[in-house]
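**Q** What follows is data.cif; its format and atoms are mmCIF, C-alpha atoms.
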```cif
data_my_file
#
loop_
_atom_site.label_atom_id
_atom_site.label_comp_id
_atom_site.auth_asym_id
_atom_site.auth_seq_id
_atom_site.Cartn_x
_atom_site.Cartn_y
_atom_site.Cartn_z
CA MET A 27 8.61 -11.02 10.47
CA ILE A 28 11.55 -10.98 8.09
CA PHE A 29 12.66 -14.23 6.46
CA GLU A 30 15.76 -15.20 4.50
CA PHE A 31 15.06 -17.44 1.50
CA GLN A 32 17.70 -19.19 -0.67
CA GLY A 33 20.33 -16.75 0.57
CA TYR A 34 18.24 -13.62 -0.10
CA ILE A 35 17.67 -11.43 2.96
CA PRO A 36 15.14 -8.60 2.62
CA VAL A 37 16.53 -5.06 2.71
CA VAL A 38 14.38 -2.63 4.71
CA HIS A 39 15.36 1.03 5.14
CA GLU A 40 15.52 2.02 8.80
CA SER A 41 12.87 4.72 8.33
CA SER A 42 10.31 2.15 7.16
CA PHE A 43 8.07 0.04 9.38
CA VAL A 44 7.20 -3.63 8.91
CA HIS A 45 4.59 -4.76 11.42
CA PRO A 46 5.66 -7.84 13.41
CA LEU A 47 2.57 -9.68 12.10
CA ALA A 48 3.55 -9.06 8.46
CA ALA A 49 5.80 -11.48 6.54
CA VAL A 50 8.55 -10.19 4.25
CA THR A 51 10.45 -13.01 2.55
CA GLY A 52 13.55 -13.26 0.38
CA ASN A 53 14.51 -10.91 -2.45
CA VAL A 54 12.60 -7.83 -1.29
CA ILE A 55 13.93 -4.26 -1.18
CA ILE A 56 11.93 -1.70 0.80
CA GLY A 57 12.84 1.98 0.47
CA LYS A 58 12.39 4.93 2.82
CA ASP A 59 9.21 5.79 4.74
CA CYS A 60 7.31 2.65 3.72
CA TYR A 61 4.57 1.08 5.84
CA ILE A 62 3.81 -2.66 5.79
CA GLY A 63 0.68 -3.49 7.80
CA PRO A 64 -0.17 -6.54 9.90
CA GLY A 65 -1.13 -9.60 7.88
CA ALA A 66 0.62 -8.36 4.74
CA ALA A 67 2.73 -10.94 2.87
CA ILE A 68 5.49 -9.76 0.53
CA ARG A 69 7.05 -12.90 -0.99
CA GLY A 70 10.28 -12.41 -2.91
CA ASP A 71 10.90 -16.11 -3.36
CA TRP A 72 10.59 -16.50 -7.18
CA GLY A 73 11.63 -12.97 -8.19
CA GLN A 74 12.59 -9.57 -6.83
CA ILE A 75 10.08 -7.14 -5.33
CA ILE A 76 11.09 -3.48 -5.00
CA LEU A 77 9.06 -1.01 -2.97
CA GLU A 78 10.34 2.46 -3.73
CA ASP A 79 10.22 5.29 -1.18
CA GLY A 80 6.91 6.12 0.47
CA VAL A 81 5.00 2.99 -0.56
CA ASN A 82 2.41 1.51 1.77
CA VAL A 83 1.11 -2.06 1.68
CA GLN A 84 -1.78 -2.23 4.11
CA GLU A 85 -3.30 -4.98 6.24
CA ASN A 86 -3.79 -8.43 4.68
CA CYS A 87 -2.33 -7.53 1.28
CA THR A 88 -0.35 -10.02 -0.80
CA VAL A 89 2.52 -9.07 -3.11
CA HIS A 90 3.91 -11.97 -5.14
CA MET A 91 4.68 -12.98 -8.72
CA PHE A 92 4.79 -15.68 -11.37
CA PRO A 93 8.14 -17.55 -11.23
CA GLY A 94 10.98 -15.64 -12.86
CA LYS A 95 9.26 -12.25 -12.77
CA SER A 96 10.37 -9.20 -10.79
CA ILE A 97 8.15 -6.25 -9.96
CA VAL A 98 8.35 -2.64 -8.79
CA LEU A 99 5.88 -0.65 -6.72
CA LYS A 100 7.01 2.85 -7.59
CA GLU A 101 7.32 5.81 -5.26
CA SER A 102 4.23 6.61 -3.17
CA SER A 103 2.19 3.65 -4.45
CA HIS A 104 -0.70 3.03 -2.06
CA VAL A 105 -2.03 -0.54 -1.76
CA GLY A 106 -5.34 -0.67 0.14
CA HIS A 107 -6.44 -3.27 2.69
CA GLY A 108 -6.72 -6.81 1.35
CA ALA A 109 -5.47 -6.09 -2.18
CA ILE A 110 -3.42 -8.60 -4.18
CA ILE A 111 -0.58 -7.53 -6.45
CA HIS A 112 0.53 -10.61 -8.39
CA GLY A 113 3.37 -9.97 -10.80
CA ALA A 114 2.19 -6.45 -11.65
CA ASN A 115 4.07 -3.14 -11.70
CA LEU A 116 2.58 -0.08 -10.05
CA GLY A 117 3.28 3.47 -11.22
CA LYS A 118 4.19 6.45 -9.05
CA ASN A 119 1.57 7.81 -6.67
CA CYS A 120 -1.14 5.35 -7.74
CA LEU A 121 -3.88 4.02 -5.47
CA ILE A 122 -4.99 0.39 -5.47
CA GLY A 123 -8.37 0.15 -3.76
CA MET A 124 -9.29 -2.34 -1.05
CA ASN A 125 -9.65 -6.00 -2.09
CA SER A 126 -8.58 -5.30 -5.68
CA VAL A 127 -6.60 -7.91 -7.62
CA ILE A 128 -3.89 -6.83 -10.08
CA MET A 129 -2.60 -9.77 -12.14
CA ASP A 130 0.69 -10.76 -13.81
CA ASP A 131 2.37 -8.33 -16.22
CA ALA A 132 -0.31 -5.70 -15.68
CA GLU A 133 0.97 -2.15 -15.48
CA ILE A 134 -0.83 0.56 -13.55
CA GLY A 135 0.11 4.03 -14.83
CA ASP A 136 1.38 6.85 -12.67
CA GLU A 137 -1.27 8.62 -10.57
CA SER A 138 -4.01 6.15 -11.50
CA ILE A 139 -6.73 5.17 -9.05
CA VAL A 140 -8.06 1.59 -9.06
CA GLY A 141 -11.41 1.33 -7.30
CA ALA A 142 -12.13 -1.13 -4.49
CA MET A 143 -12.76 -4.75 -5.56
CA THR A 144 -11.52 -4.15 -9.12
CA PHE A 145 -10.02 -7.06 -11.08
CA VAL A 146 -7.22 -6.08 -13.48
CA LYS A 147 -6.51 -8.96 -15.88
CA ALA A 148 -2.99 -10.14 -16.73
CA GLU A 149 -1.09 -7.98 -19.24
CA THR A 150 -3.51 -5.05 -18.94
CA LYS A 151 -1.84 -1.67 -19.44
CA ILE A 152 -3.56 1.15 -17.60
CA PRO A 153 -2.54 4.63 -18.85
CA PRO A 154 -1.41 7.32 -16.39
CA ARG A 155 -4.07 9.27 -14.51
CA SER A 156 -6.83 6.70 -15.14
CA LEU A 157 -9.77 5.94 -12.86
CA VAL A 158 -10.33 2.19 -13.12
CA VAL A 159 -13.25 0.11 -11.80
CA GLY A 160 -15.01 -3.21 -12.31
CA ASN A 161 -14.51 -6.89 -13.08
CA PRO A 162 -12.91 -6.93 -15.54
CA ALA A 163 -11.36 -3.51 -14.99
CA LYS A 164 -12.34 -0.63 -17.25
CA VAL A 165 -11.03 2.92 -17.43
CA VAL A 166 -14.06 5.12 -16.74
CA LYS A 167 -12.45 8.57 -16.72
CA GLN A 168 -9.30 10.55 -16.12
CA VAL A 169 -8.14 11.31 -12.58
CA SER A 170 -8.59 15.04 -11.89
CA ASP A 171 -6.08 17.28 -10.15
CA GLU A 172 -8.42 17.38 -7.14
CA MET A 173 -8.63 13.56 -6.97
CA ILE A 174 -4.86 13.11 -7.10
CA GLU A 175 -4.40 15.86 -4.48
CA TRP A 176 -6.81 13.96 -2.18
CA LYS A 177 -5.01 10.66 -2.84
CA THR A 178 -1.59 12.24 -2.19
CA LYS A 179 -2.72 13.63 1.16
CA GLY A 180 -3.94 10.17 2.20
CA THR A 181 -0.62 8.59 1.22
CA GLN A 182 1.24 11.25 3.21
CA LEU A 183 -0.55 9.99 6.34
CA TYR A 184 0.87 6.53 5.64
CA GLN A 185 4.33 7.99 5.03
CA GLN A 186 4.20 9.52 8.53
CA LEU A 187 2.88 6.29 10.07
CA PRO A 188 6.25 4.41 10.15
CA GLU A 189 7.79 7.08 12.38
CA ASP A 190 4.71 7.09 14.61
CA CYS A 191 4.87 3.28 14.89
CA HIS A 192 8.59 3.33 15.72
CA GLU A 193 7.94 5.89 18.46
CA THR A 194 4.68 4.70 20.03
CA LEU A 195 3.60 1.21 18.96
CA LYS A 196 4.10 -1.38 21.70
CA GLU A 197 2.41 -4.55 22.85
CA VAL A 198 0.35 -4.01 26.00
CA GLU A 199 -2.33 -5.60 28.16
CA PRO A 200 -5.80 -4.19 27.47
CA LEU A 201 -7.53 -1.79 29.83
CA ARG A 202 -10.70 -3.09 31.46
CA GLU A 203 -12.62 0.16 31.24
CA VAL A 204 -12.42 3.43 29.28
CA PRO A 205 -10.39 6.11 31.10
CA LYS A 206 -12.30 9.32 31.84
CA ASP A 207 -9.51 11.42 30.30
CA ARG A 208 -9.24 9.43 27.03
CA ILE A 209 -8.39 11.87 24.22
CA VAL A 210 -10.72 12.11 21.22
CA GLN A 211 -8.77 11.70 17.99
CA GLU A 212 -8.89 14.62 15.59
CA LYS A 213 -10.21 14.32 12.05
CA THR A 214 -7.11 14.35 9.85
CA TYR A 215 -8.51 13.29 6.46
CA ALA A 216 -11.75 13.83 4.56
CA THR A 217 -13.58 11.48 2.22
CA LEU A 218 -13.15 12.31 -1.47
CA ARG A 219 -16.73 13.66 -1.55
CA ASP A 220 -16.09 15.97 1.41
CA PHE A 221 -12.69 16.98 -0.01
CA MET A 222 -14.28 17.95 -3.36
CA LYS A 223 -16.83 20.19 -1.54
CA LYS A 224 -14.08 22.51 -0.28
#
```
Would you mind writing the file out in structure tokens?
**A**
Amino acid sequence: MIFEFQGYIPVVHESSFVHPLAAVTGNVIIGKDCYIGPGAAIRGDWGQIILEDGVNVQENCTVHMFPGKSIVLKESSHVGHGAIIHGANLGKNCLIGMNSVIMDDAEIGDESIVGAMTFVKAETKIPPRSLVVGNPAKVVKQVSDEMIEWKTKGTQLYQQLPEDCHETLKEVEPLREVPKDRIVQEKTYATLRDFMKK
């Protein structure tokens, strides 16, 4: 759902998809080919939130900020299920792992990967191409070309998803049994471990 707040109406490019069970409020600008999953809350009530082109904010994520702050999720940022971005800026083509928390005035460098359940303290500056894990977060190594290639391919799936949702997503009544001709979905993406074996 899209909500006006104090005269600010979110701006969402027509190529992007905001799930009806997500909430986008106030001073929010969403670029091209972005995906906002069900249960996500993007609250632009106390500052501006900009999602540049190709960003995805997955199911049950929260994007908000300390009063008076504005934040940017740069092009192709990928925010995994259940993550919280609170007043932090994300660099281009970075990956925020599931259930991670990124706090106020933190900056995640371009093409960095933040592991699942990582806690990035306020005002932390993560250099570009860093692999970050833990609570509190620590840089454990540099992101390799192979790792960023794998991440980029995953994000491209999410950049295709808005078009697929616009074309095929609809509310329906459930079936009561599995049809005999139900199509098996193809494998479109490998785990990082399987990707590195190629």
**Q** Which distance in Å separates CA of Glu193 in chain A and CA of Lys177 in chain A, to one decimal?
**A**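 These atoms are spaced 25.4 Å apart.
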**Q** One decimal, Å: what's the distance from CA of Ile128 in chain A over to CA of Glu189 in chain A, could you say?
**A**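 Computed distance, CA of Ile128 in chain A to CA of Glu189 in chain A, equals 28.9 Å.
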**Q** Within 10 Å of range 51-55 of chain A, counting all atoms listed in the file, which residues qualify if same-chain residues fewer than 5 places away don't, as a PyMOL selection string?
**A** chain A and resi 27-39+67-78+96-98
**Q** Ranking A:Leu116, A:Met129, A:Ala48, A:Lys58 by minimum distance to Met91 in chain A and counting all atoms listed in the file, which one comes first?
**A**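 That would be A:Met129, the residue with the smallest distance to Met91 in chain A.
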**Q** List the spatial neighbours of Ser41 in chain A as a CSV table (one decimal) with C-alpha atoms, in the frame of the given file - criterion: any atom at most 10 Å away, only C-alpha atoms, same-chain residues fewer than 3 positions off excluded.
**A**
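Saved result, around-v6.csv, follows:
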```csv
chain,number,residue,atom,x,y,z
A,38,VAL,CA,14.4,-2.6,4.7
A,56,ILE,CA,11.9,-1.7,0.8
A,57,GLY,CA,12.8,2.0,0.5
A,58,LYS,CA,12.4,4.9,2.8
A,59,ASP,CA,9.2,5.8,4.7
A,60,CYS,CA,7.3,2.6,3.7
A,61,TYR,CA,4.6,1.1,5.8
A,79,ASP,CA,10.2,5.3,-1.2
A,80,GLY,CA,6.9,6.1,0.5
A,185,GLN,CA,4.3,8.0,5.0
A,186,GLN,CA,4.2,9.5,8.5
A,188,PRO,CA,6.2,4.4,10.2
A,189,GLU,CA,7.8,7.1,12.4
A,192,HIS,CA,8.6,3.3,15.7
```
**Q** Name the residues that the PyMOL selection byres ((chain A and resi 150-160) around 9) pulls out of this structure, and write them as a ChimeraX atom specification.
**A** /A:117,120,129-149,161-170,174
**Q** Range 59-65 of chain A, all listed atoms, 3 Å padding on each side: what axis-aligned box centre and edge lengths in Å to one decimal come out, as AutoDock Vina command-line options?
**A**
```
--center_x 4.0 --center_y -1.9 --center_z 6.8 --size_x 16.3 --size_y 21.4 --size_z 12.2
```
**Q** How many Å lie between CA of Val89 in chain A and CA of Asp171 in chain A, rounded to one decimal?
**A**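 Going from CA of Val89 in chain A over to CA of Asp171 in chain A covers 28.6 Å.
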**Q** Do you know which residues the PyMOL selection byres ((chain A and resi 210-216) around 12) returns on this file, as a list in words?
**A**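 For this structure, the PyMOL selection byres ((chain A and resi 210-216) around 12) resolves to Met173, Glu175, Trp176, Lys177, Thr178, Lys179, Gly180, Thr181, Gln182, Leu183, Tyr184, Val204, Pro205, Lys206, Asp207, Arg208, Ile209, Thr217, Leu218, Arg219, Asp220, Phe221, Met222, Lys223 and Lys224 of chain A.
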**Q** Choose the residue, out of A:Leu121, A:Val198, A:Cys87, A:Leu187, that has the smallest atom-to-atom separation from Ser102 in chain A; count only C-alpha atoms.
**A**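 Among the listed residues, the smallest separation from Ser102 in chain A belongs to A:Leu121.
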**Q** Determine the nearest neighbour of Glu85 in chain A from the options A:Ala49, A:Leu99, A:Leu195, A:Ala114, counting only C-alpha atoms.
**A**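 Smallest distance to Glu85 in chain A is found for A:Ala49.
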**Q** Between A:Asn119, A:Ser126, A:Asn82, A:Thr88, which one has atoms that come closest to Ile62 in chain A, using all atoms listed in the file?
**A**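 Checking each candidate against Ile62 in chain A, we get A:Asn82 as the closest.
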